[in-house]
file upload02.txt (compact mmCIF, C-alpha atoms)
# COMPACT_ATOMS: atom_id res chain seq x y z
CA MET A 1 -1.78 59.96 146.95
CA SER A 2 -5.17 58.67 145.89
CA ALA A 3 -5.91 57.52 142.36
CA ALA A 4 -8.44 60.31 142.03
CA ASN A 5 -5.75 62.89 142.65
CA PRO A 6 -2.54 61.54 141.14
CA HIS A 7 0.82 63.25 141.42
CA ALA A 8 1.22 65.62 138.48
CA LEU A 9 4.23 63.69 137.15
CA MET A 10 2.15 60.53 136.85
CA ARG A 11 -0.37 62.03 134.43
CA PRO A 12 0.28 60.68 130.90
CA GLN A 13 0.34 64.16 129.37
CA ILE A 14 3.23 64.99 131.75
CA LEU A 15 4.92 61.60 132.15
CA ILE A 16 5.37 60.77 128.43
CA PRO A 17 7.07 64.04 127.39
CA PHE A 18 8.99 63.95 130.68
CA LEU A 19 10.50 60.54 129.83
CA ILE A 20 11.18 61.40 126.19
CA THR A 21 12.97 64.59 127.19
CA ALA A 22 15.04 62.91 129.90
CA LEU A 23 16.18 60.03 127.69
CA ILE A 24 17.19 62.28 124.81
CA TRP A 25 18.93 64.82 127.02
CA GLY A 26 20.68 62.01 128.88
CA SER A 27 22.36 61.05 125.60
CA THR A 28 23.27 64.59 124.54
CA TRP A 29 25.88 65.07 127.26
CA TYR A 30 28.14 62.48 125.65
CA VAL A 31 27.36 63.55 122.08
CA ILE A 32 28.65 67.02 122.97
CA THR A 33 32.12 65.58 123.62
CA GLY A 34 32.37 64.73 119.91
CA GLN A 35 31.46 68.29 119.00
CA ILE A 36 34.37 70.03 120.75
CA SER A 37 37.41 67.95 119.80
CA GLU A 38 38.12 69.47 116.36
CA VAL A 39 35.81 72.49 116.23
CA PRO A 40 35.79 75.53 118.56
CA PRO A 41 32.85 75.09 120.96
CA SER A 42 31.17 78.33 119.91
CA TRP A 43 31.09 77.31 116.24
CA SER A 44 29.81 73.86 117.15
CA ILE A 45 26.93 75.50 119.04
CA ALA A 46 26.24 77.86 116.14
CA TYR A 47 25.99 74.89 113.74
CA ARG A 48 23.70 73.07 116.15
CA PHE A 49 21.16 75.87 116.27
CA ALA A 50 21.58 76.80 112.61
CA LEU A 51 20.21 73.29 112.00
CA ALA A 52 17.61 73.49 114.75
CA THR A 53 16.12 76.90 113.98
CA PRO A 54 14.55 76.17 110.55
CA ALA A 55 13.17 72.90 111.94
CA MET A 56 11.62 74.77 114.89
CA PHE A 57 9.93 77.26 112.55
CA LEU A 58 8.66 74.30 110.49
CA VAL A 59 7.21 72.71 113.63
CA ALA A 60 5.39 75.94 114.47
CA VAL A 61 3.96 76.16 110.93
CA LEU A 62 2.89 72.49 110.87
CA MET A 63 1.19 72.96 114.23
CA LYS A 64 -0.57 76.01 112.77
CA ARG A 65 0.81 78.33 115.42
CA SER A 66 1.06 82.01 114.56
CA LEU A 67 4.60 83.29 114.17
CA ALA A 68 3.44 86.79 115.09
CA ILE A 69 4.51 87.24 118.72
CA GLY A 70 4.45 91.03 119.08
CA ARG A 71 7.07 93.39 120.44
CA ALA A 72 6.97 92.00 123.99
CA GLY A 73 7.26 88.48 122.60
CA HIS A 74 10.30 89.40 120.54
CA MET A 75 11.95 91.03 123.55
CA LEU A 76 11.35 87.83 125.54
CA ALA A 77 12.63 85.71 122.64
CA ILE A 78 15.81 87.81 122.46
CA PHE A 79 16.35 87.31 126.19
CA ILE A 80 15.75 83.53 125.98
CA GLY A 81 17.99 83.32 122.91
CA LEU A 82 20.81 85.04 124.77
CA SER A 83 20.44 83.15 128.05
CA GLN A 84 19.33 79.66 126.94
CA PHE A 85 20.62 79.19 123.41
CA CYS A 86 23.82 81.19 123.68
CA ALA A 87 25.14 81.62 127.23
CA ASN A 88 23.92 78.28 128.61
CA PHE A 89 25.31 76.15 125.80
CA ASN A 90 28.59 78.04 125.52
CA PHE A 91 29.17 77.43 129.22
CA VAL A 92 28.18 73.75 128.98
CA TYR A 93 30.36 72.93 125.98
CA ARG A 94 33.36 74.55 127.67
CA ALA A 95 32.65 72.72 130.92
CA GLU A 96 32.96 69.42 129.05
CA LEU A 97 36.48 70.37 127.99
CA HIS A 98 37.45 69.94 131.65
CA LEU A 99 34.91 67.54 133.19
CA THR A 100 33.52 64.19 132.03
CA SER A 101 30.07 64.44 130.49
CA GLY A 102 28.37 62.50 133.29
CA ILE A 103 29.74 64.83 135.96
CA VAL A 104 28.48 67.90 134.10
CA ALA A 105 25.08 66.19 133.87
CA VAL A 106 25.13 65.54 137.63
CA MET A 107 25.92 69.18 138.29
CA PHE A 108 23.01 70.20 136.08
CA GLY A 109 20.81 68.12 138.33
CA MET A 110 21.05 71.08 140.69
CA LEU A 111 19.14 73.17 138.15
CA MET A 112 16.20 72.55 140.47
CA LEU A 113 17.70 74.88 143.10
CA PRO A 114 18.04 78.09 141.02
CA ASN A 115 14.79 77.13 139.23
CA ALA A 116 12.98 77.15 142.55
CA LEU A 117 14.71 80.30 143.81
CA PHE A 118 14.11 82.26 140.61
CA GLY A 119 10.57 80.84 140.52
CA ARG A 120 10.06 82.28 144.00
CA TRP A 121 11.39 85.71 143.07
CA VAL A 122 9.87 86.00 139.60
CA LEU A 123 6.69 83.89 139.75
CA GLY A 124 5.93 84.02 143.47
CA GLN A 125 6.09 80.22 143.95
CA ARG A 126 6.65 79.12 147.55
CA ILE A 127 9.68 77.03 148.61
CA THR A 128 9.49 74.62 151.57
CA LEU A 129 12.16 73.94 154.18
CA GLY A 130 12.19 70.32 153.02
CA PHE A 131 13.24 71.49 149.56
CA VAL A 132 16.11 73.48 151.05
CA ALA A 133 17.25 70.54 153.20
CA GLY A 134 17.12 68.11 150.30
CA SER A 135 19.04 70.52 148.11
CA ALA A 136 21.76 70.78 150.76
CA ILE A 137 22.12 66.99 150.80
CA ALA A 138 22.30 66.92 147.00
CA ILE A 139 24.97 69.61 146.96
CA ALA A 140 27.02 67.58 149.46
CA GLY A 141 26.79 64.54 147.17
CA ILE A 142 27.82 66.55 144.11
CA ALA A 143 30.75 67.95 146.11
CA LEU A 144 31.98 64.38 146.75
CA LEU A 145 31.73 63.61 143.02
CA LEU A 146 33.71 66.72 142.19
CA VAL A 147 36.39 65.85 144.74
CA TYR A 148 36.74 62.45 143.08
CA GLU A 149 36.75 64.09 139.64
CA ALA A 150 39.56 66.41 140.75
CA ARG A 151 41.61 63.42 141.95
CA LEU A 152 40.99 61.45 138.77
CA SER A 153 40.99 64.38 136.28
CA PRO A 154 40.51 62.03 133.29
CA LEU A 155 40.44 64.82 130.70
CA GLY A 156 43.60 66.49 131.95
CA GLY A 157 41.85 69.86 132.16
CA SER A 158 41.16 72.29 134.98
CA VAL A 159 38.42 70.88 137.20
CA PRO A 160 37.79 74.21 139.01
CA LEU A 161 37.39 75.97 135.65
CA GLY A 162 35.01 73.23 134.50
CA ILE A 163 32.96 73.73 137.67
CA LEU A 164 32.73 77.49 137.06
CA PHE A 165 31.62 76.94 133.46
CA ALA A 166 28.99 74.43 134.60
CA ILE A 167 27.64 76.81 137.24
CA GLY A 168 27.43 79.56 134.63
CA GLY A 169 25.44 77.23 132.37
CA ILE A 170 23.11 76.25 135.20
CA LEU A 171 22.32 79.85 136.08
CA ALA A 172 21.78 80.87 132.44
CA ALA A 173 19.46 77.90 131.82
CA SER A 174 17.54 78.51 135.02
CA ILE A 175 16.92 82.17 134.20
CA ALA A 176 15.54 81.17 130.79
CA ASN A 177 13.43 78.37 132.33
CA VAL A 178 11.69 80.72 134.71
CA VAL A 179 11.39 83.84 132.54
CA GLN A 180 9.66 81.97 129.69
CA ALA A 181 6.92 81.03 132.18
CA ASN A 182 6.00 84.66 132.88
CA ASP A 183 2.75 86.24 131.69
CA VAL A 184 4.17 87.23 128.29
CA GLY A 185 5.58 83.76 127.66
CA ARG A 186 2.41 81.97 128.74
CA ALA A 187 0.37 84.00 126.30
CA LEU A 188 2.48 82.84 123.34
CA ALA A 189 2.48 79.54 121.47
CA MET A 190 5.49 77.57 122.69
CA PRO A 191 6.78 76.50 119.23
CA SER A 192 6.61 80.10 117.96
CA LEU A 193 8.41 81.51 120.99
CA LEU A 194 11.10 78.84 120.75
CA ALA A 195 11.56 79.34 117.00
CA TRP A 196 12.23 83.05 117.41
CA SER A 197 14.37 82.43 120.51
CA MET A 198 16.53 79.93 118.61
CA LEU A 199 16.86 82.37 115.70
CA TYR A 200 18.08 85.15 117.96
CA GLY A 201 20.26 82.70 119.89
CA THR A 202 21.87 81.48 116.66
CA GLY A 203 22.72 85.08 115.80
CA PHE A 204 24.35 85.55 119.21
CA ASP A 205 26.20 82.23 118.80
CA ILE A 206 27.62 83.19 115.41
CA ALA A 207 28.72 86.60 116.66
CA LEU A 208 30.37 85.10 119.74
CA ALA A 209 32.07 82.38 117.69
CA TRP A 210 33.46 84.85 115.18
CA VAL A 211 34.81 87.13 117.91
CA THR A 212 36.33 84.38 120.08
CA ALA A 213 37.40 81.77 117.50
CA GLY A 214 37.69 83.57 114.15
CA PRO A 215 36.12 82.45 110.86
CA PRO A 216 34.00 79.27 110.70
CA VAL A 217 35.65 75.85 110.82
CA PHE A 218 33.83 73.18 108.80
CA PRO A 219 34.90 69.62 109.76
CA SER A 220 34.77 66.89 107.13
CA ASP A 221 33.95 64.09 109.59
CA PRO A 222 30.37 62.86 108.94
CA MET A 223 30.08 61.86 112.60
CA PHE A 224 30.43 65.49 113.63
CA TRP A 225 27.47 66.50 111.46
CA ALA A 226 25.47 63.47 112.58
CA GLY A 227 26.07 64.54 116.18
CA ALA A 228 25.17 68.16 115.37
CA ALA A 229 21.93 66.97 113.74
CA TRP A 230 21.05 64.81 116.78
CA LEU A 231 21.74 67.69 119.15
CA GLY A 232 19.92 70.21 116.97
CA ILE A 233 16.83 68.21 116.04
CA ALA A 234 16.32 65.64 118.81
CA GLY A 235 18.16 67.48 121.57
CA SER A 236 16.60 70.87 120.84
CA VAL A 237 13.59 70.89 118.48
CA VAL A 238 11.96 67.80 120.01
CA THR A 239 12.87 68.33 123.65
CA PHE A 240 12.65 72.05 124.38
CA PRO A 241 8.94 72.39 123.48
CA LEU A 242 8.19 69.32 125.60
CA TYR A 243 10.25 70.50 128.56
CA TYR A 244 9.05 74.10 128.56
CA THR A 245 5.46 72.84 128.37
CA ILE A 246 6.15 70.72 131.46
CA VAL A 247 7.59 73.80 133.21
CA ARG A 248 4.40 75.72 132.46
CA LYS A 249 2.15 72.92 133.72
CA ILE A 250 3.88 71.87 136.95
CA GLY A 251 6.33 74.69 137.71
CA PRO A 252 10.10 75.01 137.22
CA GLY A 253 11.00 73.33 140.52
CA ARG A 254 9.15 70.06 140.00
CA ALA A 255 9.98 70.02 136.29
CA ALA A 256 13.57 69.59 137.42
CA TYR A 257 12.72 65.99 138.41
CA ASN A 258 13.73 65.52 134.78
CA ALA A 259 17.35 65.95 135.85
CA ILE A 260 17.39 62.76 137.94
CA LEU A 261 16.61 60.47 135.01
CA VAL A 262 18.92 62.51 132.76
CA ILE A 263 21.73 61.91 135.25
CA VAL A 264 21.11 58.16 135.31
CA VAL A 265 21.26 57.96 131.51
CA ALA A 266 24.27 60.28 131.26
CA MET A 267 26.30 58.48 133.93
CA LEU A 268 25.53 55.10 132.37
CA ILE A 269 26.78 56.33 128.99
CA SER A 270 29.84 57.95 130.60
CA THR A 271 30.67 54.67 132.34
CA LEU A 272 30.25 52.52 129.24
CA VAL A 273 31.77 54.86 126.64
CA GLU A 274 34.06 57.32 128.41
CA GLY A 275 35.40 54.74 130.84
CA TYR A 276 34.29 56.63 133.95
CA GLN A 277 35.77 54.75 136.93
CA TRP A 278 33.60 54.34 140.00
CA SER A 279 34.96 54.31 143.54
CA PRO A 280 33.40 54.26 147.02
CA LEU A 281 33.69 58.07 147.05
CA SER A 282 31.95 58.55 143.71
CA ILE A 283 29.29 55.92 144.46
CA GLY A 284 28.56 57.60 147.79
CA GLY A 285 28.46 61.01 146.14
CA ALA A 286 26.09 59.84 143.40
CA ALA A 287 23.79 58.16 145.94
CA LEU A 288 23.77 61.22 148.19
CA ALA A 289 23.14 63.58 145.26
CA SER A 290 20.25 61.46 143.99
CA LEU A 291 18.73 61.12 147.46
CA GLY A 292 18.98 64.85 148.06
CA MET A 293 17.34 65.68 144.72
CA ILE A 294 14.48 63.28 145.41
CA LEU A 295 13.94 64.66 148.92
CA ALA A 296 14.07 68.24 147.65
CA LEU A 297 11.64 67.65 144.87
CA ARG A 298 9.24 65.62 147.02
CA ALA A 299 8.94 68.70 149.20
CA ARG A 300 6.37 69.98 146.76
CA GLU A 301 5.94 73.61 145.85
CA ALA A 302 2.72 75.48 146.32

call {"tool": "encode", "arguments": {"input": "upload02.txt", "output": "structure tokens"}}
result
Amino acid sequence: MSAANPHALMRPQILIPFLITALIWGSTWYVITGQISEVPPSWSIAYRFALATPAMFLVAVLMKRSLAIGRAGHMLAIFIGLSQFCANFNFVYRAELHLTSGIVAVMFGMLMLPNALFGRWVLGQRITLGFVAGSAIAIAGIALLLVYEARLSPLGGSVPLGILFAIGGILAASIANVVQANDVGRALAMPSLLAWSMLYGTGFDIALAWVTAGPPVFPSDPMFWAGAAWLGIAGSVVTFPLYYTIVRKIGPGRAAYNAILVIVVAMLISTLVEGYQWSPLSIGGAALASLGMILALRAREA
């Protein structure tokens, strides 16, 4: 690629938010594990976005973005709130009850596949055969990691159930990723759309938590609230506007390059903190998954 026509990911306005998002999200996978030990996952998620939502509205106001998004905008925000900020996170938090945080992060690396497929169906973006082949290689690598995870089962949970929860989270996140890039979403200021989406999502989270776990549980451990603040502010208010802007600029498929760096950070943290034990099977699976993701994403979309 010539210097006059650089790859989109190498442009500073894409690269800088891309790296910031990946590094922060890479850390959030482990932080989540401290949010589900003493508090029902649904309430933990509700607290996270109860903290994030006012901050997101403040960001929109400080950026002088109009909070008036119209009826179509509110309908889109309700849908994103339900899919991204309720369903996705409720699936993810429950997946981490059964799988180590790094493995869930690796599985989310395959977000690129439904992103590209939904992008094809909803936005009309073309998919190449190279993308499909690379995705198949990545899936094979992730399968090896999951086989090793099932043998090791460090959390003592149900690995198949964890896989199902993770897949549910991937699909919910992918739907939100692609839908927000439609004509209605593109016409709205990103901070305003996200603020309303988080507000509606918080409402869904509270309702789900109350139905599934009963009245709120308020832990006294300061570390829980520190983690909730990191997830809510850094992991949501800072990163989602950056990531969704990347999706709008380069498409949902290539934006999923983000997942590769997230995986590296998450697996490093899982190894150092959770004591994840590597073996020839897991090393081979991680290498194959990474190679497949790179090959898939190098097969550039139209």

call {"tool": "closest_residue", "arguments": {"input": "upload02.txt", "among": "A:Phe18, A:Glu38, A:Ser279, A:Asp183", "to": "A:Ser220", "atoms": "all atoms listed in the file"}}
result
A:Glu38

call {"tool": "closest_residue", "arguments": {"input": "upload02.txt", "among": "A:Gly214, A:Ser290, A:Ser44, A:Gly73", "to": "A:Leu261", "atoms": "only C-alpha atoms"}}
result
A:Ser290

call {"tool": "atom_distance", "arguments": {"input": "upload02.txt", "atom1": "atom CA of A:Gly235", "atom2": "atom CA of A:Trp25"}}
result
6.1 Å

call {"tool": "closest_residue", "arguments": {"input": "upload02.txt", "among": "A:Leu297, A:Ile283, A:Leu288, A:Ile170", "to": "A:Ala140", "atoms": "all atoms listed in the file"}}
result
A:Leu288

call {"tool": "closest_residue", "arguments": {"input": "upload02.txt", "among": "A:Ile103, A:Val238, A:Ile127, A:Met190", "to": "A:Ser66", "atoms": "only C-alpha atoms"}}
result
A:Met190

call {"tool": "atom_distance", "arguments": {"input": "upload02.txt", "atom1": "atom CA of A:Thr100", "atom2": "atom CA of A:Leu164"}}
result
14.2 Å

call {"tool": "residues_around", "arguments": {"input": "upload02.txt", "residues": "A:Val217", "least_positions_apart": "3", "cutoff": "8 Å", "atoms": "only C-alpha atoms", "output": "VMD selection string"}}
result
chain A and resid 39 to 40 43

call {"tool": "atom_distance", "arguments": {"input": "upload02.txt", "atom1": "atom CA of A:Ile163", "atom2": "atom CA of A:Pro114"}}
result
15.9 Å

call {"tool": "closest_residue", "arguments": {"input": "upload02.txt", "among": "A:Pro280, A:Gly185, A:Pro222, A:Gly201", "to": "A:Arg248", "atoms": "all atoms listed in the file"}}
result
A:Gly185
